[in-house]
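Participant: This is the structure I have questions about; it appears just below.
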Amino acid sequence: DAGVIQSPRHEVTEMGQEVTLRCKPISGHDYLFWYRQTMMRGLELLIYFNNNVPIDDSGMPEDRFSAKMPNASFSTLKIQPSEPRDSAVYFCASSPRDEQFFGPGTRLTVL
Amino acid sequence: GIQVEQSPPDLILQEGANSTLRCNFSDSVNNLQWFHQNPWGQLINLFYIPSGTKQNGRLSATTVATERYSLLYISSSQTTDSGVYFCAVPFFAGKSTFGDGTTLTVKP
């Protein structure tokens with residue numbers, strides 16, 4: 001398996017633009033997680049899915065953030081409109097149950 | 001939720017030295033993971049270790065669940081070991097709590 005795949009790896013956008021981050025989990029993993037990592041706040045869990053269903057989105061910072069998982073092999077995290085304080089590395093991880101496997105991350109810069 | 005504390009927060013070593021990183025957690029856990037975040041930002045799985053001891057090359061980990069701690073040993077450290085080491089424990093329905101990490105710098 002290729003591991004968790006994320007795209008794009010880097011994204012630079014201007015404030016107010018819509019940003020969509022993509023993730024392909026490891027095949028057969030029932031859980032998918034979206035994390036955000038910043039120097040100030042460390043690694044934060046934004047939302048996670050079990051069998052494509054969102055279970056806990058309490059970490060989503062505000063309504064500008066939304067996540068979907070239309071099928072077992074694809075998830076998106078959308079920010080609309082983006083703001084400079086959204087600049088961070090966004091990780092996707094998947095898990096068969098407890099052990100998590102992380103993707104390479106998307107480094108987002110909002111100017 | 002479970003509290004996870006890692007120590008030390010920072011560690012500087014000379015190449016070839018050994019080190020021990022510690023992870024304490026506040027409640028019983030069924031499993032625990034150690035990750036290495038390298039200087040390029042990649043989060044790499046090191047160990048999935050609910051209890052007991054595992055070894056992988058120069059690295060080994062021991063979890064004593066009854067005493068609520070885990071140790072990561074790095075022997076004969078190399079500059080490529082530099083980065084941040086995180087432990088994480090799941091606590092509810094798939095969610096995990098991460099420690100704040102130990103930043104390791106190995107000098108040549």
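Identifiers in the structure tokens: chain A, B, ... in order shown; residue index from 1 per chain; ligand index from 1 in order shown.
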Tell me as a CSV table (one decimal) with all heavy atoms, in the first residue's frame which residues belonging to chain B come within 8 Å of chain A, counting only C-alpha atoms.

Facilitator:
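Heads up, here's the output in iface-v1.csv:
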```
chain,number,residue,atom,x,y,z
B,31,ASN,N,-3.6,1.0,24.4
B,31,ASN,CA,-2.4,1.0,23.5
B,31,ASN,C,-1.8,2.4,23.5
B,31,ASN,O,-2.3,3.3,24.0
B,31,ASN,CB,-2.9,0.6,22.1
B,31,ASN,CG,-3.9,1.5,21.5
B,31,ASN,OD1,-3.6,2.6,21.2
B,31,ASN,ND2,-5.1,1.0,21.4
B,33,GLN,N,1.2,4.8,21.0
B,33,GLN,CA,2.0,4.9,19.8
B,33,GLN,C,3.1,5.9,20.0
B,33,GLN,O,2.9,7.0,20.7
B,33,GLN,CB,1.2,5.4,18.6
B,33,GLN,CG,0.4,4.4,17.9
B,33,GLN,CD,-0.2,4.9,16.5
B,33,GLN,OE1,-1.3,5.3,16.5
B,33,GLN,NE2,0.6,4.8,15.5
B,41,GLY,N,9.1,17.5,8.5
B,41,GLY,CA,7.7,17.5,8.9
B,41,GLY,C,7.0,16.2,8.8
B,41,GLY,O,5.8,16.1,9.2
B,42,GLN,N,7.6,15.1,8.3
B,42,GLN,CA,6.9,13.9,8.2
B,42,GLN,C,6.7,13.2,9.6
B,42,GLN,O,7.7,13.2,10.4
B,42,GLN,CB,7.7,12.9,7.3
B,42,GLN,CG,8.1,13.5,6.0
B,42,GLN,CD,6.9,13.8,5.1
B,42,GLN,OE1,6.1,12.9,4.9
B,42,GLN,NE2,6.7,15.0,4.7
B,43,LEU,N,5.5,12.7,9.8
B,43,LEU,CA,5.2,12.0,11.0
B,43,LEU,C,5.3,10.5,10.7
B,43,LEU,O,4.5,9.9,10.0
B,43,LEU,CB,3.8,12.3,11.5
B,43,LEU,CG,3.7,13.5,12.4
B,43,LEU,CD1,2.3,14.0,12.4
B,43,LEU,CD2,4.2,13.2,13.8
B,44,ILE,N,6.3,9.9,11.3
B,44,ILE,CA,6.7,8.5,11.1
B,44,ILE,C,6.3,7.6,12.3
B,44,ILE,O,6.7,7.9,13.4
B,44,ILE,CB,8.2,8.4,10.7
B,44,ILE,CG1,8.5,9.2,9.5
B,44,ILE,CG2,8.6,6.9,10.5
B,44,ILE,CD1,9.9,9.5,9.3
B,45,ASN,N,5.6,6.5,12.0
B,45,ASN,CA,5.3,5.6,13.1
B,45,ASN,C,6.6,4.9,13.5
B,45,ASN,O,7.3,4.3,12.7
B,45,ASN,CB,4.3,4.5,12.6
B,45,ASN,CG,2.9,5.1,12.4
B,45,ASN,OD1,2.8,6.2,12.0
B,45,ASN,ND2,1.9,4.3,12.7
B,48,TYR,N,3.9,0.8,17.9
B,48,TYR,CA,2.6,0.6,18.4
B,48,TYR,C,2.7,-0.4,19.5
B,48,TYR,O,3.0,-1.5,19.3
B,48,TYR,CB,1.6,0.2,17.3
B,48,TYR,CG,0.2,-0.2,17.7
B,48,TYR,CD1,-0.6,0.8,18.2
B,48,TYR,CD2,-0.3,-1.5,17.6
B,48,TYR,CE1,-1.9,0.5,18.6
B,48,TYR,CE2,-1.5,-1.8,18.0
B,48,TYR,CZ,-2.4,-0.8,18.5
B,48,TYR,OH,-3.7,-1.1,18.8
B,90,PRO,N,-4.9,6.6,22.5
B,90,PRO,CA,-6.4,6.7,22.2
B,90,PRO,C,-7.2,6.7,23.5
B,90,PRO,O,-6.8,6.1,24.5
B,90,PRO,CB,-6.7,5.5,21.4
B,90,PRO,CG,-5.7,4.5,21.9
B,90,PRO,CD,-4.5,5.2,22.4
B,94,GLY,N,-11.8,6.0,19.0
B,94,GLY,CA,-10.9,6.3,17.9
B,94,GLY,C,-10.1,7.6,18.1
B,94,GLY,O,-9.1,7.8,17.4
B,95,LYS,N,-10.4,8.4,19.0
B,95,LYS,CA,-9.6,9.7,19.2
B,95,LYS,C,-8.4,9.4,20.0
B,95,LYS,O,-8.4,8.5,20.8
B,95,LYS,CB,-10.5,10.7,19.9
B,95,LYS,CG,-11.7,11.2,19.2
B,95,LYS,CD,-12.5,12.2,20.0
B,95,LYS,CE,-11.7,13.5,20.2
B,95,LYS,NZ,-12.7,14.5,20.8
B,98,PHE,N,-2.3,13.4,22.0
B,98,PHE,CA,-0.9,13.5,21.8
B,98,PHE,C,-0.2,14.3,22.9
B,98,PHE,O,-0.8,15.3,23.4
B,98,PHE,CB,-0.6,14.2,20.4
B,98,PHE,CG,-0.8,13.3,19.2
B,98,PHE,CD1,-2.1,13.0,18.8
B,98,PHE,CD2,0.3,12.8,18.5
B,98,PHE,CE1,-2.3,12.2,17.7
B,98,PHE,CE2,0.1,12.0,17.4
B,98,PHE,CZ,-1.2,11.7,17.0
B,100,ASP,N,3.0,16.8,24.1
B,100,ASP,CA,3.6,18.0,23.4
B,100,ASP,C,4.9,17.7,22.7
B,100,ASP,O,5.4,18.5,22.0
B,100,ASP,CB,3.8,19.1,24.5
B,100,ASP,CG,2.5,19.7,24.9
B,100,ASP,OD1,1.5,19.6,24.2
B,100,ASP,OD2,2.5,20.2,26.1
```

Participant: DSSP on the backbone: what in stretch 3-84 of chain B comes out helix (DSSP H, G or I), as a tab-separated table (two decimals) with C-alpha atoms, in the first residue's frame?

Facilitator:
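File produced: out15.tsv:
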```
chain	number	residue	atom	x	y	z
B	65	ALA	CA	0.39	0.24	31.33
B	66	THR	CA	-0.27	-0.53	35.01
B	67	GLU	CA	2.09	2.28	36.00
B	79	THR	CA	22.08	13.11	13.38
B	80	THR	CA	19.16	11.63	11.42
B	81	ASP	CA	17.44	10.91	14.75
```

Participant: I need the strand (DSSP E or B) residues of chain B per DSSP on the backbone, written as a PyMOL selection string.

Facilitator: chain B and resi 4-7+10-14+19-25+33-37+43-48+52-56+59-64+69-74+83-92+95-98+102-107

Participant: Show me, as a PyMOL selection string, the residues that have an atom within 9 Å of B:Thr103 when counting only C-alpha atoms, minus same-chain residues fewer than 2 positions from it.

Facilitator: chain B and resi 8-12+82-85+101+105

Participant: Please compute the atom CA of B:Ser51-atom CA of B:Gln78 distance, one decimal, in Å.

Facilitator: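 So the answer is 26.8 Å.
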
Participant: Show me, as a ChimeraX atom specification, the residues that have an atom within 10 Å of A:Cys23 when counting only C-alpha atoms, minus same-chain residues fewer than 2 positions from it.

Facilitator: /A:4-8,21,25-26,32-34,69,73-77,91-94,103,105-106

Participant: Okay, now the selection with C-alpha atoms, as an mmCIF file, in the first residue's frame?

Facilitator:
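again-v4.cif written:
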```
data_model
loop_
_atom_site.group_PDB
_atom_site.id
_atom_site.type_symbol
_atom_site.label_atom_id
_atom_site.label_comp_id
_atom_site.auth_asym_id
_atom_site.auth_seq_id
_atom_site.Cartn_x
_atom_site.Cartn_y
_atom_site.Cartn_z
ATOM 1 C CA VAL A 4 -1.988 7.847 3.213
ATOM 2 C CA ILE A 5 -1.912 10.203 0.251
ATOM 3 C CA GLN A 6 -2.532 13.925 0.540
ATOM 4 C CA SER A 7 -2.733 16.636 -2.062
ATOM 5 C CA PRO A 8 -1.584 19.215 -2.679
ATOM 6 C CA LEU A 21 -7.319 19.713 0.794
ATOM 7 C CA PRO A 25 -6.653 6.837 3.325
ATOM 8 C CA ILE A 26 -5.042 3.421 3.435
ATOM 9 C CA LEU A 32 -9.946 8.904 8.990
ATOM 10 C CA PHE A 33 -8.650 11.921 10.884
ATOM 11 C CA TRP A 34 -7.862 15.516 9.949
ATOM 12 C CA MET A 69 -15.945 11.775 3.156
ATOM 13 C CA SER A 73 -11.191 6.145 -0.310
ATOM 14 C CA PHE A 74 -11.529 9.918 -0.351
ATOM 15 C CA SER A 75 -11.965 12.845 2.002
ATOM 16 C CA THR A 76 -11.757 16.607 1.648
ATOM 17 C CA LEU A 77 -11.193 19.442 4.072
ATOM 18 C CA PHE A 91 -2.365 16.209 8.205
ATOM 19 C CA CYS A 92 -4.686 13.416 7.290
ATOM 20 C CA ALA A 93 -4.348 10.094 9.109
ATOM 21 C CA SER A 94 -6.137 6.781 8.828
ATOM 22 C CA GLY A 103 0.020 11.295 5.417
ATOM 23 C CA GLY A 105 0.726 16.743 5.169
ATOM 24 C CA THR A 106 -0.296 19.836 3.217
#
```

Participant: Please measure the separation of atom CA of A:Ser58 and atom CA of B:Ala88, giving the value in Å to one decimal.

Facilitator: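 Interatomic distance here is 18.9 Å.
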
Participant: Any idea what the distance is between atom CA of A:Glu62 and atom CA of B:Gln37?

Facilitator: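 If I compute the distance from atom CA of A:Glu62 to atom CA of B:Gln37, I get 27.5 Å.
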
Participant: Closest to B:Leu21 among B:Thr63, B:Gln55, B:His36, B:Tyr73, using only C-alpha atoms?

Facilitator: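 Using only C-alpha atoms, B:Leu21 sits closest to B:Tyr73.
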
Participant: Quick one: everything within 10 Å of A:Asp63, counting only C-alpha atoms, minus sequence neighbours fewer than 5 positions away in the same chain. Send it as a list of chain:residue names.

Facilitator: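 The filter keeps A:Ile79, A:Gln80, A:Pro81.
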